[in-house]
file structure-v3.cif (mmCIF, N, CA and C atoms)
data_run
loop_
_atom_site.label_atom_id
_atom_site.label_comp_id
_atom_site.auth_asym_id
_atom_site.auth_seq_id
_atom_site.Cartn_x
_atom_site.Cartn_y
_atom_site.Cartn_z
N MET A 1 68.80 3.40 61.09
CA MET A 1 67.52 4.06 61.07
C MET A 1 67.48 5.00 59.88
N ALA A 2 66.95 4.57 58.81
CA ALA A 2 66.89 5.40 57.62
C ALA A 2 65.94 6.57 57.83
N ASP A 3 64.77 6.28 58.39
CA ASP A 3 63.76 7.30 58.63
C ASP A 3 63.85 7.72 60.09
N CYS A 4 64.91 8.46 60.44
CA CYS A 4 65.15 8.82 61.83
C CYS A 4 65.04 10.33 62.00
N GLU A 5 64.19 10.71 62.92
CA GLU A 5 63.96 12.11 63.22
C GLU A 5 64.31 12.34 64.69
N THR A 6 64.81 13.52 65.01
CA THR A 6 65.09 13.88 66.40
C THR A 6 64.41 15.20 66.70
N VAL A 7 63.65 15.23 67.80
CA VAL A 7 63.00 16.47 68.22
C VAL A 7 63.24 16.71 69.70
N GLU A 8 63.30 17.98 70.07
CA GLU A 8 63.40 18.38 71.46
C GLU A 8 62.03 18.91 71.85
N VAL A 9 61.55 18.46 73.02
CA VAL A 9 60.20 18.81 73.45
C VAL A 9 60.25 19.37 74.87
N CYS A 10 59.46 20.40 75.11
CA CYS A 10 59.28 20.96 76.45
C CYS A 10 57.79 20.94 76.75
N VAL A 11 57.42 20.22 77.82
CA VAL A 11 56.01 20.09 78.21
C VAL A 11 55.80 20.94 79.46
N LYS A 12 54.83 21.85 79.39
CA LYS A 12 54.56 22.77 80.50
C LYS A 12 53.17 22.53 81.06
N GLY A 13 53.02 22.87 82.33
CA GLY A 13 51.76 22.69 83.05
C GLY A 13 52.04 22.01 84.37
N ARG A 14 51.07 21.25 84.87
CA ARG A 14 51.31 20.46 86.08
C ARG A 14 51.83 19.10 85.60
N VAL A 15 53.16 19.04 85.45
CA VAL A 15 53.77 17.86 84.83
C VAL A 15 54.88 17.24 85.69
N GLN A 16 55.17 17.84 86.83
CA GLN A 16 56.13 17.24 87.75
C GLN A 16 55.39 16.73 88.98
N GLY A 17 55.85 15.60 89.50
CA GLY A 17 55.22 15.01 90.68
C GLY A 17 53.94 14.26 90.37
N VAL A 18 53.73 13.94 89.10
CA VAL A 18 52.51 13.24 88.69
C VAL A 18 52.82 11.95 87.91
N GLY A 19 54.06 11.51 87.98
CA GLY A 19 54.45 10.28 87.27
C GLY A 19 54.68 10.47 85.78
N PHE A 20 54.94 11.72 85.38
CA PHE A 20 55.08 12.01 83.95
C PHE A 20 56.26 11.28 83.32
N ARG A 21 57.42 11.32 83.98
CA ARG A 21 58.62 10.70 83.39
C ARG A 21 58.47 9.19 83.26
N ALA A 22 57.96 8.53 84.29
CA ALA A 22 57.79 7.07 84.23
C ALA A 22 56.77 6.69 83.16
N SER A 23 55.72 7.47 83.05
CA SER A 23 54.71 7.21 82.02
C SER A 23 55.28 7.47 80.62
N ALA A 24 56.09 8.51 80.49
CA ALA A 24 56.74 8.80 79.21
C ALA A 24 57.66 7.66 78.81
N LEU A 25 58.36 7.09 79.78
CA LEU A 25 59.24 5.95 79.51
C LEU A 25 58.44 4.78 78.95
N ARG A 26 57.32 4.46 79.58
CA ARG A 26 56.47 3.36 79.10
C ARG A 26 55.96 3.62 77.69
N HIS A 27 55.52 4.84 77.43
CA HIS A 27 55.00 5.17 76.10
C HIS A 27 56.11 5.17 75.05
N ALA A 28 57.28 5.63 75.41
CA ALA A 28 58.41 5.61 74.47
C ALA A 28 58.72 4.17 74.06
N HIS A 29 58.71 3.27 75.03
CA HIS A 29 58.95 1.85 74.71
C HIS A 29 57.82 1.30 73.83
N LEU A 30 56.60 1.69 74.14
CA LEU A 30 55.44 1.24 73.36
C LEU A 30 55.54 1.69 71.90
N TYR A 31 55.97 2.94 71.68
CA TYR A 31 56.03 3.49 70.33
C TYR A 31 57.37 3.28 69.63
N GLY A 32 58.36 2.76 70.35
CA GLY A 32 59.67 2.54 69.75
C GLY A 32 60.50 3.81 69.63
N VAL A 33 60.30 4.74 70.56
CA VAL A 33 61.03 6.00 70.55
C VAL A 33 62.24 5.89 71.48
N LYS A 34 63.34 6.47 71.06
CA LYS A 34 64.56 6.50 71.88
C LYS A 34 64.84 7.94 72.30
N GLY A 35 65.74 8.11 73.29
CA GLY A 35 66.09 9.45 73.77
C GLY A 35 66.04 9.50 75.27
N TRP A 36 65.49 10.60 75.82
CA TRP A 36 65.42 10.75 77.28
C TRP A 36 64.35 11.73 77.69
N VAL A 37 64.01 11.67 78.99
CA VAL A 37 63.06 12.60 79.61
C VAL A 37 63.65 13.06 80.94
N SER A 38 63.41 14.34 81.28
CA SER A 38 63.98 14.89 82.50
C SER A 38 63.10 16.01 83.03
N ASN A 39 63.05 16.15 84.36
CA ASN A 39 62.41 17.32 84.96
C ASN A 39 63.34 18.51 84.81
N ALA A 40 62.78 19.64 84.45
CA ALA A 40 63.57 20.88 84.34
C ALA A 40 63.38 21.71 85.60
N ALA A 41 64.34 22.57 85.88
CA ALA A 41 64.30 23.41 87.08
C ALA A 41 63.09 24.35 87.09
N ASN A 42 62.57 24.70 85.92
CA ASN A 42 61.45 25.65 85.85
C ASN A 42 60.09 24.99 86.01
N GLY A 43 60.06 23.68 86.30
CA GLY A 43 58.80 22.98 86.52
C GLY A 43 58.26 22.26 85.30
N SER A 44 58.92 22.41 84.17
CA SER A 44 58.49 21.72 82.95
C SER A 44 59.18 20.35 82.88
N VAL A 45 58.80 19.58 81.87
CA VAL A 45 59.47 18.31 81.58
C VAL A 45 60.07 18.44 80.19
N GLU A 46 61.36 18.10 80.07
CA GLU A 46 62.06 18.18 78.80
C GLU A 46 62.31 16.77 78.27
N LEU A 47 62.22 16.63 76.96
CA LEU A 47 62.46 15.34 76.32
C LEU A 47 63.26 15.53 75.05
N VAL A 48 64.05 14.54 74.71
CA VAL A 48 64.62 14.40 73.39
C VAL A 48 64.06 13.09 72.85
N LEU A 49 63.39 13.17 71.71
CA LEU A 49 62.76 12.01 71.10
C LEU A 49 63.43 11.70 69.78
N GLN A 50 63.71 10.43 69.56
CA GLN A 50 64.36 10.03 68.32
C GLN A 50 63.69 8.75 67.83
N GLY A 51 63.36 8.73 66.55
CA GLY A 51 62.73 7.56 65.96
C GLY A 51 62.11 7.90 64.62
N SER A 52 61.24 7.00 64.15
CA SER A 52 60.57 7.24 62.89
C SER A 52 59.58 8.40 63.05
N THR A 53 59.21 9.00 61.95
CA THR A 53 58.25 10.11 61.99
C THR A 53 56.95 9.67 62.64
N ASP A 54 56.47 8.47 62.30
CA ASP A 54 55.23 7.96 62.89
C ASP A 54 55.36 7.78 64.39
N ALA A 55 56.48 7.22 64.83
CA ALA A 55 56.70 6.99 66.27
C ALA A 55 56.76 8.32 67.02
N ILE A 56 57.46 9.29 66.45
CA ILE A 56 57.55 10.62 67.07
C ILE A 56 56.16 11.25 67.15
N ASP A 57 55.38 11.15 66.07
CA ASP A 57 54.03 11.72 66.05
C ASP A 57 53.15 11.10 67.13
N GLN A 58 53.23 9.78 67.31
CA GLN A 58 52.45 9.10 68.33
C GLN A 58 52.86 9.57 69.73
N MET A 59 54.16 9.69 69.94
CA MET A 59 54.65 10.11 71.25
C MET A 59 54.24 11.55 71.54
N VAL A 60 54.36 12.42 70.57
CA VAL A 60 53.99 13.82 70.76
C VAL A 60 52.48 13.93 71.02
N SER A 61 51.68 13.14 70.34
CA SER A 61 50.24 13.15 70.60
C SER A 61 49.96 12.78 72.06
N TRP A 62 50.67 11.76 72.56
CA TRP A 62 50.50 11.37 73.96
C TRP A 62 50.97 12.49 74.89
N LEU A 63 52.05 13.16 74.56
CA LEU A 63 52.59 14.22 75.42
C LEU A 63 51.59 15.36 75.62
N HIS A 64 50.71 15.59 74.67
CA HIS A 64 49.69 16.62 74.82
C HIS A 64 48.66 16.24 75.89
N ILE A 65 48.59 14.97 76.23
CA ILE A 65 47.65 14.47 77.24
C ILE A 65 48.38 14.16 78.54
N GLY A 66 49.45 13.37 78.45
CA GLY A 66 50.23 12.99 79.62
C GLY A 66 49.50 11.98 80.49
N PRO A 67 50.07 11.66 81.64
CA PRO A 67 49.43 10.72 82.55
C PRO A 67 48.19 11.36 83.20
N GLU A 68 47.39 10.54 83.84
CA GLU A 68 46.08 10.97 84.36
C GLU A 68 46.14 12.19 85.27
N GLN A 69 47.12 12.26 86.16
CA GLN A 69 47.17 13.37 87.12
C GLN A 69 47.77 14.66 86.53
N ALA A 70 48.35 14.57 85.36
CA ALA A 70 48.99 15.75 84.74
C ALA A 70 47.94 16.69 84.16
N GLN A 71 48.31 17.95 84.08
CA GLN A 71 47.52 18.96 83.36
C GLN A 71 48.47 19.65 82.39
N VAL A 72 48.52 19.14 81.18
CA VAL A 72 49.41 19.69 80.16
C VAL A 72 48.79 20.97 79.61
N GLU A 73 49.57 22.05 79.68
CA GLU A 73 49.10 23.34 79.19
C GLU A 73 49.75 23.72 77.86
N GLN A 74 50.98 23.26 77.65
CA GLN A 74 51.70 23.67 76.44
C GLN A 74 52.75 22.61 76.11
N VAL A 75 52.91 22.33 74.81
CA VAL A 75 53.94 21.42 74.33
C VAL A 75 54.70 22.14 73.22
N ASP A 76 55.97 22.46 73.50
CA ASP A 76 56.82 23.13 72.51
C ASP A 76 57.72 22.09 71.86
N ILE A 77 57.76 22.08 70.55
CA ILE A 77 58.54 21.08 69.80
C ILE A 77 59.50 21.80 68.87
N GLN A 78 60.74 21.34 68.89
CA GLN A 78 61.75 21.90 68.00
C GLN A 78 62.53 20.75 67.38
N ARG A 79 62.64 20.76 66.06
CA ARG A 79 63.43 19.75 65.38
C ARG A 79 64.89 19.93 65.75
N SER A 80 65.57 18.84 65.99
CA SER A 80 66.98 18.88 66.37
C SER A 80 67.81 18.24 65.25
N TYR A 81 68.89 18.88 64.91
CA TYR A 81 69.78 18.34 63.89
C TYR A 81 71.03 17.84 64.59
N THR A 82 71.12 16.53 64.74
CA THR A 82 72.23 15.93 65.47
C THR A 82 72.65 14.62 64.82
N ASP A 83 73.92 14.32 64.97
CA ASP A 83 74.43 13.03 64.50
C ASP A 83 74.36 11.99 65.60
N LYS A 84 74.05 12.41 66.83
CA LYS A 84 73.97 11.48 67.95
C LYS A 84 72.79 10.54 67.76
N ARG A 85 73.03 9.25 68.01
CA ARG A 85 71.98 8.24 67.94
C ARG A 85 71.82 7.61 69.31
N TYR A 86 70.60 7.62 69.81
CA TYR A 86 70.30 7.03 71.11
C TYR A 86 69.99 5.54 70.94
N ASP A 87 70.44 4.74 71.90
CA ASP A 87 70.22 3.29 71.85
C ASP A 87 68.98 2.87 72.61
N PHE A 88 68.48 3.73 73.49
CA PHE A 88 67.31 3.42 74.31
C PHE A 88 66.69 4.71 74.80
N PHE A 89 65.60 4.61 75.56
CA PHE A 89 64.96 5.77 76.16
C PHE A 89 65.14 5.66 77.65
N ASP A 90 65.60 6.74 78.28
CA ASP A 90 65.79 6.68 79.72
C ASP A 90 65.34 7.95 80.43
N ILE A 91 65.25 7.85 81.74
CA ILE A 91 64.89 8.96 82.60
C ILE A 91 66.17 9.56 83.15
N ARG A 92 66.30 10.86 83.03
CA ARG A 92 67.49 11.54 83.55
C ARG A 92 67.16 12.34 84.79
#

call {"tool": "encode", "arguments": {"input": "structure-v3.cif", "output": "structure tokens"}}
result
Amino acid sequence: MADCETVEVCVKGRVQGVGFRASALRHAHLYGVKGWVSNAANGSVELVLQGSTDAIDQMVSWLHIGPEQAQVEQVDIQRSYTDKRYDFFDIR
């Protein structure tokens, strides 16, 4: 992956119990993004996204909306500097 970017994302709002992780998995596959998604203890959803800049941008755009039942209030994004390469996207 020559054009590979990694970002850490925290999505806040009504994002747990609304199918957010399963929907994120489908969208990650659609956009070709690798990494993972997980519910956090504080009620947010955390993700690590890895892929091309365009793929990351598409995924982040979707994260601002989320699945139909979600109410996304805030999306925090931080670039991650890592040598780790993910082979797929999964739910943790």

call {"tool": "select_by_dssp", "arguments": {"input": "structure-v3.cif", "residues": "chain A", "states": "strand (DSSP E)", "output": "VMD selection string"}}
result
chain A and resid 5 to 14 34 to 39 45 to 51 71 to 79 89 to 91

call {"tool": "closest_residue", "arguments": {"input": "structure-v3.cif", "among": "A:Ala40, A:Val18, A:Val75, A:Leu49", "to": "Thr6 (chain A)", "atoms": "all atoms listed in the file"}}
result
A:Leu49

call {"tool": "residues_around", "arguments": {"input": "structure-v3.cif", "residues": "region 58-73 of chain A", "least_positions_apart": "5", "cutoff": "8 Å", "atoms": "only N, CA and C atoms", "output": "PyMOL selection string"}}
result
chain A and resi 11-21+23-24+27-28+31+33+52-53

call {"tool": "resolve_selection", "arguments": {"input": "structure-v3.cif", "expression": "the PyMOL selection byres ((chain A and resi 3) around 8)", "output": "ChimeraX atom specification"}}
result
/A:1-2,4-6,50-54

call {"tool": "atom_distance", "arguments": {"input": "structure-v3.cif", "atom1": "atom N of Ala55 (chain A)", "atom2": "CA of Asn42 (chain A)"}}
result
28.4 Å

call {"tool": "build_atoms", "arguments": {"input": "structure-v3.cif", "residues": "region 78-89 of chain A", "atoms": "all heavy atoms", "output": "PDB file, keeping the file's coordinate frame"}}
result
ATOM      1  N   GLN A  78      60.740  21.340  68.890  1.00  0.00           N
ATOM      2  CA  GLN A  78      61.750  21.900  68.000  1.00  0.00           C
ATOM      3  C   GLN A  78      62.530  20.750  67.380  1.00  0.00           C
ATOM      4  O   GLN A  78      63.044  19.883  68.081  1.00  0.00           O
ATOM      5  CB  GLN A  78      62.690  22.805  68.796  1.00  0.00           C
ATOM      6  CG  GLN A  78      63.764  23.442  67.948  1.00  0.00           C
ATOM      7  CD  GLN A  78      64.602  24.404  68.776  1.00  0.00           C
ATOM      8  OE1 GLN A  78      64.187  24.908  69.810  1.00  0.00           O
ATOM      9  NE2 GLN A  78      65.808  24.660  68.307  1.00  0.00           N
ATOM     10  N   ARG A  79      62.640  20.760  66.060  1.00  0.00           N
ATOM     11  CA  ARG A  79      63.430  19.750  65.380  1.00  0.00           C
ATOM     12  C   ARG A  79      64.890  19.930  65.750  1.00  0.00           C
ATOM     13  O   ARG A  79      65.386  21.052  65.834  1.00  0.00           O
ATOM     14  CB  ARG A  79      63.239  19.869  63.877  1.00  0.00           C
ATOM     15  CG  ARG A  79      63.917  18.763  63.116  1.00  0.00           C
ATOM     16  CD  ARG A  79      63.620  18.874  61.622  1.00  0.00           C
ATOM     17  NE  ARG A  79      64.339  17.854  60.924  1.00  0.00           N
ATOM     18  CZ  ARG A  79      63.835  16.683  60.575  1.00  0.00           C
ATOM     19  NH1 ARG A  79      62.594  16.412  60.874  1.00  0.00           N
ATOM     20  NH2 ARG A  79      64.558  15.789  59.944  1.00  0.00           N
ATOM     21  N   SER A  80      65.570  18.840  65.990  1.00  0.00           N
ATOM     22  CA  SER A  80      66.980  18.880  66.370  1.00  0.00           C
ATOM     23  C   SER A  80      67.810  18.240  65.250  1.00  0.00           C
ATOM     24  O   SER A  80      67.434  17.189  64.733  1.00  0.00           O
ATOM     25  CB  SER A  80      67.186  18.107  67.674  1.00  0.00           C
ATOM     26  OG  SER A  80      68.541  18.080  68.024  1.00  0.00           O
ATOM     27  N   TYR A  81      68.890  18.880  64.910  1.00  0.00           N
ATOM     28  CA  TYR A  81      69.780  18.340  63.890  1.00  0.00           C
ATOM     29  C   TYR A  81      71.030  17.840  64.590  1.00  0.00           C
ATOM     30  O   TYR A  81      71.865  18.630  65.024  1.00  0.00           O
ATOM     31  CB  TYR A  81      70.108  19.399  62.840  1.00  0.00           C
ATOM     32  CG  TYR A  81      68.871  19.856  62.107  1.00  0.00           C
ATOM     33  CD1 TYR A  81      68.165  20.986  62.523  1.00  0.00           C
ATOM     34  CD2 TYR A  81      68.367  19.128  61.037  1.00  0.00           C
ATOM     35  CE1 TYR A  81      67.011  21.384  61.874  1.00  0.00           C
ATOM     36  CE2 TYR A  81      67.210  19.524  60.382  1.00  0.00           C
ATOM     37  CZ  TYR A  81      66.545  20.655  60.806  1.00  0.00           C
ATOM     38  OH  TYR A  81      65.390  21.035  60.160  1.00  0.00           O
ATOM     39  N   THR A  82      71.120  16.530  64.740  1.00  0.00           N
ATOM     40  CA  THR A  82      72.230  15.930  65.470  1.00  0.00           C
ATOM     41  C   THR A  82      72.650  14.620  64.820  1.00  0.00           C
ATOM     42  O   THR A  82      71.839  13.936  64.201  1.00  0.00           O
ATOM     43  CB  THR A  82      71.836  15.677  66.955  1.00  0.00           C
ATOM     44  OG1 THR A  82      72.944  15.105  67.638  1.00  0.00           O
ATOM     45  CG2 THR A  82      70.653  14.728  67.058  1.00  0.00           C
ATOM     46  N   ASP A  83      73.920  14.320  64.970  1.00  0.00           N
ATOM     47  CA  ASP A  83      74.430  13.030  64.500  1.00  0.00           C
ATOM     48  C   ASP A  83      74.360  11.990  65.600  1.00  0.00           C
ATOM     49  O   ASP A  83      74.591  10.812  65.354  1.00  0.00           O
ATOM     50  CB  ASP A  83      75.884  13.168  64.025  1.00  0.00           C
ATOM     51  CG  ASP A  83      75.986  13.984  62.741  1.00  0.00           C
ATOM     52  OD1 ASP A  83      75.024  13.957  61.945  1.00  0.00           O
ATOM     53  OD2 ASP A  83      77.017  14.647  62.541  1.00  0.00           O
ATOM     54  N   LYS A  84      74.050  12.410  66.830  1.00  0.00           N
ATOM     55  CA  LYS A  84      73.970  11.480  67.950  1.00  0.00           C
ATOM     56  C   LYS A  84      72.790  10.540  67.760  1.00  0.00           C
ATOM     57  O   LYS A  84      71.711  10.955  67.384  1.00  0.00           O
ATOM     58  CB  LYS A  84      73.813  12.239  69.262  1.00  0.00           C
ATOM     59  CG  LYS A  84      73.719  11.317  70.460  1.00  0.00           C
ATOM     60  CD  LYS A  84      73.812  12.084  71.757  1.00  0.00           C
ATOM     61  CE  LYS A  84      73.653  11.205  72.964  1.00  0.00           C
ATOM     62  NZ  LYS A  84      74.534  10.081  73.043  1.00  0.00           N
ATOM     63  N   ARG A  85      73.030   9.250  68.010  1.00  0.00           N
ATOM     64  CA  ARG A  85      71.980   8.240  67.940  1.00  0.00           C
ATOM     65  C   ARG A  85      71.820   7.610  69.310  1.00  0.00           C
ATOM     66  O   ARG A  85      72.787   7.155  69.908  1.00  0.00           O
ATOM     67  CB  ARG A  85      72.312   7.166  66.889  1.00  0.00           C
ATOM     68  CG  ARG A  85      72.308   7.693  65.461  1.00  0.00           C
ATOM     69  CD  ARG A  85      70.896   8.086  65.034  1.00  0.00           C
ATOM     70  NE  ARG A  85      70.847   8.710  63.733  1.00  0.00           N
ATOM     71  CZ  ARG A  85      70.550   9.992  63.540  1.00  0.00           C
ATOM     72  NH1 ARG A  85      70.311  10.775  64.552  1.00  0.00           N
ATOM     73  NH2 ARG A  85      70.487  10.492  62.327  1.00  0.00           N
ATOM     74  N   TYR A  86      70.600   7.620  69.810  1.00  0.00           N
ATOM     75  CA  TYR A  86      70.300   7.030  71.110  1.00  0.00           C
ATOM     76  C   TYR A  86      69.990   5.540  70.940  1.00  0.00           C
ATOM     77  O   TYR A  86      69.358   5.149  69.964  1.00  0.00           O
ATOM     78  CB  TYR A  86      69.131   7.750  71.773  1.00  0.00           C
ATOM     79  CG  TYR A  86      69.455   9.181  72.102  1.00  0.00           C
ATOM     80  CD1 TYR A  86      69.162  10.206  71.208  1.00  0.00           C
ATOM     81  CD2 TYR A  86      70.079   9.516  73.292  1.00  0.00           C
ATOM     82  CE1 TYR A  86      69.477  11.529  71.504  1.00  0.00           C
ATOM     83  CE2 TYR A  86      70.405  10.834  73.596  1.00  0.00           C
ATOM     84  CZ  TYR A  86      70.093  11.825  72.689  1.00  0.00           C
ATOM     85  OH  TYR A  86      70.419  13.131  72.986  1.00  0.00           O
ATOM     86  N   ASP A  87      70.440   4.740  71.900  1.00  0.00           N
ATOM     87  CA  ASP A  87      70.220   3.290  71.850  1.00  0.00           C
ATOM     88  C   ASP A  87      68.980   2.870  72.610  1.00  0.00           C
ATOM     89  O   ASP A  87      68.481   1.759  72.430  1.00  0.00           O
ATOM     90  CB  ASP A  87      71.437   2.551  72.440  1.00  0.00           C
ATOM     91  CG  ASP A  87      72.679   2.759  71.600  1.00  0.00           C
ATOM     92  OD1 ASP A  87      72.571   2.807  70.353  1.00  0.00           O
ATOM     93  OD2 ASP A  87      73.771   2.889  72.192  1.00  0.00           O
ATOM     94  N   PHE A  88      68.480   3.730  73.490  1.00  0.00           N
ATOM     95  CA  PHE A  88      67.310   3.420  74.310  1.00  0.00           C
ATOM     96  C   PHE A  88      66.690   4.710  74.800  1.00  0.00           C
ATOM     97  O   PHE A  88      67.211   5.788  74.512  1.00  0.00           O
ATOM     98  CB  PHE A  88      67.710   2.501  75.484  1.00  0.00           C
ATOM     99  CG  PHE A  88      68.878   3.023  76.275  1.00  0.00           C
ATOM    100  CD1 PHE A  88      68.696   3.927  77.304  1.00  0.00           C
ATOM    101  CD2 PHE A  88      70.184   2.624  75.968  1.00  0.00           C
ATOM    102  CE1 PHE A  88      69.781   4.428  78.025  1.00  0.00           C
ATOM    103  CE2 PHE A  88      71.267   3.115  76.679  1.00  0.00           C
ATOM    104  CZ  PHE A  88      71.053   4.020  77.702  1.00  0.00           C
ATOM    105  N   PHE A  89      65.600   4.610  75.560  1.00  0.00           N
ATOM    106  CA  PHE A  89      64.960   5.770  76.160  1.00  0.00           C
ATOM    107  C   PHE A  89      65.140   5.660  77.650  1.00  0.00           C
ATOM    108  O   PHE A  89      64.903   4.610  78.241  1.00  0.00           O
ATOM    109  CB  PHE A  89      63.464   5.787  75.820  1.00  0.00           C
ATOM    110  CG  PHE A  89      62.790   7.088  76.169  1.00  0.00           C
ATOM    111  CD1 PHE A  89      62.719   8.111  75.247  1.00  0.00           C
ATOM    112  CD2 PHE A  89      62.240   7.293  77.431  1.00  0.00           C
ATOM    113  CE1 PHE A  89      62.104   9.319  75.566  1.00  0.00           C
ATOM    114  CE2 PHE A  89      61.619   8.496  77.754  1.00  0.00           C
ATOM    115  CZ  PHE A  89      61.556   9.500  76.809  1.00  0.00           C
TER     116      PHE A  89
END
